[in-house]
Each structure stands twice: as C-alpha cells, then as structure tokens.
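Comments concern the structure below.
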Amino acid sequence: MAILILLNQVDPTLLESKLKQFDDCPEVRIYPDCGNKDDIECVIVWKHDEGVLNDFPNLKLIASYGAGVENILSDPSLPEGVPITRFVDDTLSDQMAEFVLAAILNHRLHLTYYREQQAASHWRPMDFLTGKNVTILGLGELGSTTAKLLDVNGYSVSGWSRSEKNIDNVKSYYGDDQLNASVAGADIVVCLLPLTPTTKHVLNADLFAAMKKGAFLINVGRGDHLKEDDLMNALSSEHLSGALLDVFATEPLPTDHPFWRHPKIHVTPHISSPTDKGRVARQILDNYNRIKSGADPLNQVDPKRSY
Ligand code: NDP
C-alpha cells in the first residue's frame, strides 16, 4: 500500500523526505511514477490535473497539501465517497495572524514609504495612521486567530462569516445581508475567506463602495476573491487608499501585470502562511492511520458547502 504525492508548483521531494522520517509511513511515490495504481490508498494533492484522482481504484483519502481546497473541489470527476481533508494547524494560523498584523503595521507606520524615501535620501517624517478598525472577512481557523491577535494589539475587530460567531471583543456579522455593514466602519479590510462559488469576486465594486473612503484592503485568501478591474478603479478614484495582495488569479503574477508597478499596491508572492512540510506530513499520516483503523479522518471538507 502506498501514498502518492501529486503536487504542482511545489517541490514534492521535500514533502517525501518529511513523510519518510516517520516510522509509520507506508511506501511513498511521486506522481507521475505511480507504480501499480491499485496500491495507492492516499493522494496528497495541490493543483492536480482534472480527472487524475479517478485512476486509483483503492483510494481511501484525498489530502490537501494546504488549507484551501478549491482546486480539489473544482474537479468535476472526483471519485465518489472518498473523504477529502485539508491542513488545519495552529502554526499555519499563527503565521497568517502575524503576517496580517505586519501588513497592517507596515501600512499604518508607512514603512515601505520610508524605504522608498531612503533610496532618494529624503528625510520626510509622517504621522502614523490612527484608524484601527479592522474587519476580517472569514472568521474560520485563520480569521479567528488573526482577529484575536489584532484584538490584543489594540485593534477594534469585526468579522464576517456564514454563521454567527462568539469571539471575545470581536463583533460578529454574518450572512450575505450583513456583508456591507461589516465593512462600513473599517479602516482595513482583510479577506480570509475560502474560495467557493459564492465567495468568488466578493471583493468587488459594490463592496468597495460600502467601505469608507481611504480604507485599505488586504487579500490573503485567494486571487479569485478579487475583481481586479474594480480594485484598479477604486484606487484611481482614491476611494481606497491602497492594497496589499498576497494571492492572485494567475500565479506567479505575470511580469506584465499592472499590479507589479502600481504605486498603491503592495505585492507579496503568496507567502502569508506557507505550509510546514513536517507538520502537514504528520497530520496526513495520522489521518491515514485513522482511516486504516476504521475511524473518520480529522479536518474533513464538506463538498456541499465547498470548504
Ligand atoms: P475555514 O474553513 O476555517 O474558515 C472559513 C471562514 O469563511 C469561516 O468563518 C466561514 O464561515 C467563512 N465563509 C465561507 N463561506 C462564506 C460565505 N459564503 N459567506 C460568509 N462567510 C463565509 O478556512 P481557513 O481559515 O482555514 O482558511 C481560509 C482560507 O485562507 C483558505 O481557504 C485559503 O484560501 C486561504 N489561505 C491562504 C494562505 C496564504 O498563504 N495566502 C495560506 C492558507 C490559507 P463559517 O465559520 O460560518 O463556516
């Protein structure tokens, strides 16, 4: 019996070496060298090609290499009845919270601006931006950890989710009807939603119009949450003051994309919370062992709600 690593845009050998460090790891194969396909009981996937997961008749677990599963669920020919899991991990959540706090501090304290001024030998001090109202779209594993870190750092935090939340000092908005209200008072809006058919392009002109003038956007969810032209318009009209974007509809971001050179857009290359290979390896092996012993795997995705 074997585990198959099927990763696009990620080096599979690093994960292979982490898996093999554990005594309970079965044989590991790396796609496309599947060997006898009957042996494959677990596939670890990231951006797989449509249809390939149907090739393994004894598949018992589809494990996402990361927290997001949109690339798995968008495959219309997934094998029926095979559980899909995703990576849920305190370290992943903490990293994201730290990144968002750093992005907010960078914005409020003008740190990137001073680096640019340094290049021109300019001494031009500015006041900190005082607005500390933050709305987080998505209050799940990553969003709730981020909300708590911002709260202890003196931010006034609101969040928007599907269901109502009860997190100390975090105002909960929920459901489509409350989306615009959730962002209305925010100086900074952070997107930490999963990409689903209902959240695609949620960061659009209507939402920007509901945000107050001068607000700042941070997108660390997925590139397809954002309607790119709508952001460009909101920045040109100076309704939004700027954006930090970590994720993009096309990754890597094409070299001729206007975001690269936009003075109000800060681009980072999808690094706000990278998967720790040792930790994801251990979590997947634990789930594989659970299935072998007849238990349900942890961190299962619900295909009906798309996350
Ligand atoms: P979770 O599934 O734990 O949380 C998702 C949150 O979004 C929940 O609060 C959920 O509401 C809310 N939500 C989902 N759909 C809707 C909707 N239609 N309307 C309102 N709220 C909605 O996900 P994680 O926190 O673990 O991860 C979030 C995303 O972050 C990932 O899917 C991935 O895309 C992105 N990510 C980005 C990384 C990066 O490096 N840039 C790294 C890791 C993840 P409810 O609680 O009510 O269910």
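Just so we're on the same page: first chain in the structure tokens is A, next is B, and so on; residues restart at 1 for each chain, and ligands are numbered from 1 in the order they show up.
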When the cut-off is 6 Å and you count only C-alpha atoms and all ligand atoms, which residues lie near ligand 1, shown as an MDAnalysis selection string? chainID A and resid 67:68 138:143 160:163 175 192:195 198:199 220:222 246:247 270:274 307
Could I get the residues of segment 269-297 of chain A with an atom no further than 9 Å from an atom of segment 82-94 of chain A, each paired with its nearest atom pair and that distance in Å to one decimal, using only C-alpha atoms, sorted by chain and residue number, as CSV?
residue,atom,partner,partner_atom,distance
A:Ser273,CA,A:Leu92,CA,5.8
A:Pro274,CA,A:Leu92,CA,7.1
A:Thr275,CA,A:Leu92,CA,6.7
A:Asp276,CA,A:Leu92,CA,7.6
A:Arg279,CA,A:Asp89,CA,8.0
A:Val280,CA,A:Phe87,CA,6.5
A:Gln283,CA,A:Phe87,CA,7.6
A:Ile284,CA,A:Phe87,CA,8.4
A:Asn287,CA,A:Thr85,CA,8.5
A:Asp296,CA,A:Pro83,CA,8.6
A:Pro297,CA,A:Thr85,CA,7.3
Test item: residues at most 10 Å from Leu78 of chain A, only C-alpha atoms, excluding those fewer than 5 positions along its chain, as a list in words: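 Near Leu78 of chain A, the qualifying residues are Glu50, Gly51, Val52, Leu53, Asn54, Ile62, Ile72 and Leu73 of chain A.
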Store the residues picked out above, limited to C-alpha atoms, as a PDB file, in the first residue's frame.
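Result file follows (again-v3.pdb):
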ATOM      1  CA  GLU A  50      -8.649  17.288 -13.592  1.00  0.00           C
ATOM      2  CA  GLY A  51      -9.622  13.623 -13.672  1.00  0.00           C
ATOM      3  CA  VAL A  52      -6.367  12.063 -12.420  1.00  0.00           C
ATOM      4  CA  LEU A  53      -7.775  11.152  -8.998  1.00  0.00           C
ATOM      5  CA  ASN A  54     -10.103   8.683 -10.668  1.00  0.00           C
ATOM      6  CA  ILE A  62      -7.590  12.746  -0.701  1.00  0.00           C
ATOM      7  CA  ILE A  72      -9.737  19.811  -5.474  1.00  0.00           C
ATOM      8  CA  LEU A  73     -13.457  20.591  -5.413  1.00  0.00           C
TER       9      LEU A  73
END
Given only C-alpha atoms as the counted atoms, nearest of A:Val190, A:Pro79, A:Val28, A:Leu6 to Val43 of chain A: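 The shortest atom-to-atom distance to Val43 of chain A comes from A:Leu6.
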I'd like the neighbourhood of Val183 of chain A as a PDB file with N, CA and C atoms, in the first residue's frame, where a residue qualifies if any of its atoms comes within 9 Å (using only C-alpha atoms), though same-chain residues fewer than 6 positions away should be ignored.
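That gives us selection-v5.pdb:
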ATOM      1  N   VAL A 134     -10.620  47.130  12.136  1.00  0.00           N
ATOM      2  CA  VAL A 134     -10.306  46.104  11.132  1.00  0.00           C
ATOM      3  C   VAL A 134     -11.491  45.153  10.993  1.00  0.00           C
ATOM      4  N   THR A 135     -11.869  44.868   9.749  1.00  0.00           N
ATOM      5  CA  THR A 135     -12.876  43.822   9.504  1.00  0.00           C
ATOM      6  C   THR A 135     -12.215  42.658   8.778  1.00  0.00           C
ATOM      7  N   ILE A 136     -12.456  41.471   9.305  1.00  0.00           N
ATOM      8  CA  ILE A 136     -11.901  40.259   8.684  1.00  0.00           C
ATOM      9  C   ILE A 136     -13.046  39.488   8.033  1.00  0.00           C
ATOM     10  N   LEU A 137     -12.970  39.309   6.725  1.00  0.00           N
ATOM     11  CA  LEU A 137     -13.967  38.504   6.009  1.00  0.00           C
ATOM     12  C   LEU A 137     -13.510  37.051   6.107  1.00  0.00           C
ATOM     13  N   SER A 158     -13.884  43.475  13.791  1.00  0.00           N
ATOM     14  CA  SER A 158     -15.166  42.872  13.399  1.00  0.00           C
ATOM     15  C   SER A 158     -14.858  41.739  12.437  1.00  0.00           C
ATOM     16  N   GLY A 159     -15.833  40.834  12.283  1.00  0.00           N
ATOM     17  CA  GLY A 159     -15.620  39.744  11.336  1.00  0.00           C
ATOM     18  C   GLY A 159     -16.913  39.384  10.650  1.00  0.00           C
ATOM     19  N   TRP A 160     -16.791  38.779   9.483  1.00  0.00           N
ATOM     20  CA  TRP A 160     -17.963  38.349   8.717  1.00  0.00           C
ATOM     21  C   TRP A 160     -17.801  36.874   8.360  1.00  0.00           C
ATOM     22  N   VAL A 189      -9.700  46.218   5.658  1.00  0.00           N
ATOM     23  CA  VAL A 189     -10.499  45.008   5.427  1.00  0.00           C
ATOM     24  C   VAL A 189      -9.553  43.889   4.990  1.00  0.00           C
ATOM     25  N   LEU A 207     -18.721  46.092  -2.888  1.00  0.00           N
ATOM     26  CA  LEU A 207     -18.125  46.037  -1.544  1.00  0.00           C
ATOM     27  C   LEU A 207     -17.247  47.256  -1.302  1.00  0.00           C
ATOM     28  N   PHE A 208     -16.466  47.640  -2.319  1.00  0.00           N
ATOM     29  CA  PHE A 208     -15.590  48.803  -2.138  1.00  0.00           C
ATOM     30  C   PHE A 208     -16.430  50.057  -1.872  1.00  0.00           C
ATOM     31  N   ALA A 210     -19.166  50.166  -0.337  1.00  0.00           N
ATOM     32  CA  ALA A 210     -19.663  50.089   1.051  1.00  0.00           C
ATOM     33  C   ALA A 210     -18.565  50.404   2.062  1.00  0.00           C
ATOM     34  N   MET A 211     -17.312  50.341   1.618  1.00  0.00           N
ATOM     35  CA  MET A 211     -16.194  50.662   2.536  1.00  0.00           C
ATOM     36  C   MET A 211     -16.021  52.177   2.597  1.00  0.00           C
ATOM     37  N   LYS A 212     -15.430  52.655   3.702  1.00  0.00           N
ATOM     38  CA  LYS A 212     -15.302  54.110   3.801  1.00  0.00           C
ATOM     39  C   LYS A 212     -14.119  54.602   2.967  1.00  0.00           C
TER      40      LYS A 212
END
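Separating atom CA of Pro26 of chain A from atom CA of Val69 of chain A is a distance of 24.3 Å.
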Spatial neighbours of segment 105-108 of chain A, 6 Å, only C-alpha atoms, chain gap at least 2 places, as number ranges by chain: A: 102-103, 110-111, 128-129
Nearby residues (only C-alpha atoms) at most 9 Å from Lys148 of chain A, same-chain spacing under 3 positions excluded, as a VMD selection string: chain A and resid 97 143 to 145 151 to 153 157 167 to 170
Where in segment 30-203 of chain A does DSSP assign strand (DSSP E), given as a PyMOL selection string? chain A and resi 30+40-46+61-64+84-85+133-137+156-161+170-174+188-191
Can you check which residues of segment 2-213 of chain A DSSP gives as alpha helix (DSSP H) on the backbone and send them as a ChimeraX atom specification? /A:12-20,70-73,90-109,111-119,141-152,179-184,205-210
Go through A:Glu41, A:Asp206, A:Asp24, A:Glu16 and flag the residue nearest Ile3 of chain A, using only C-alpha atoms for the distances.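 Going through A:Glu41, A:Asp206, A:Asp24, A:Glu16 one by one, the smallest distance to Ile3 of chain A is for A:Glu41.
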To one decimal place in Å, what is the distance between atom CA of Asn233 of chain A and atom CA of Ala205 of chain A? 8.3 Å
Distance in Å - atom CA of Thr268 of chain A versus atom CA of Ser74 of chain A: 25.4 Å
Could you check which of A:Leu231, A:Val45, A:Met126, A:Ala209 is closest to Ala181 of chain A, using only C-alpha atoms?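 Among A:Leu231, A:Val45, A:Met126, A:Ala209, it is A:Ala209 that comes nearest to Ala181 of chain A.
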Selection: 9 Å around Leu245 of chain A, only C-alpha atoms, excl. self and same-chain fewer than 3 positions, as a short mmCIF file (atom, residue, chain, number, x, y, z; two decimals) with C-alpha atoms, in the first residue's frame:
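Dumped to around_34.cif:
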data_model
loop_
_atom_site.label_atom_id
_atom_site.label_comp_id
_atom_site.auth_asym_id
_atom_site.auth_seq_id
_atom_site.Cartn_x
_atom_site.Cartn_y
_atom_site.Cartn_z
CA LEU A 217 -7.55 46.20 1.56
CA ILE A 218 -5.52 43.10 2.42
CA ASN A 219 -6.23 39.97 0.37
CA VAL A 220 -4.62 36.84 1.77
CA GLY A 223 -6.79 35.75 -6.07
CA PHE A 248 -3.61 36.38 -7.46
CA PHE A 259 -0.28 45.30 -10.09
CA ILE A 265 -0.46 48.08 -4.43
CA HIS A 266 1.95 46.05 -2.35
CA VAL A 267 2.55 42.62 -3.92
CA THR A 268 3.80 39.60 -1.98
CA PRO A 269 4.21 36.20 -3.68
CA HIS A 270 1.64 34.02 -1.86
#
Counting only C-alpha atoms, figure out which residue out of A:Asp286, A:Ser306, A:Asp55, A:Gly278 gets nearest to Lys18 of chain A.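 Checking each candidate against Lys18 of chain A, we get A:Gly278 as the closest.
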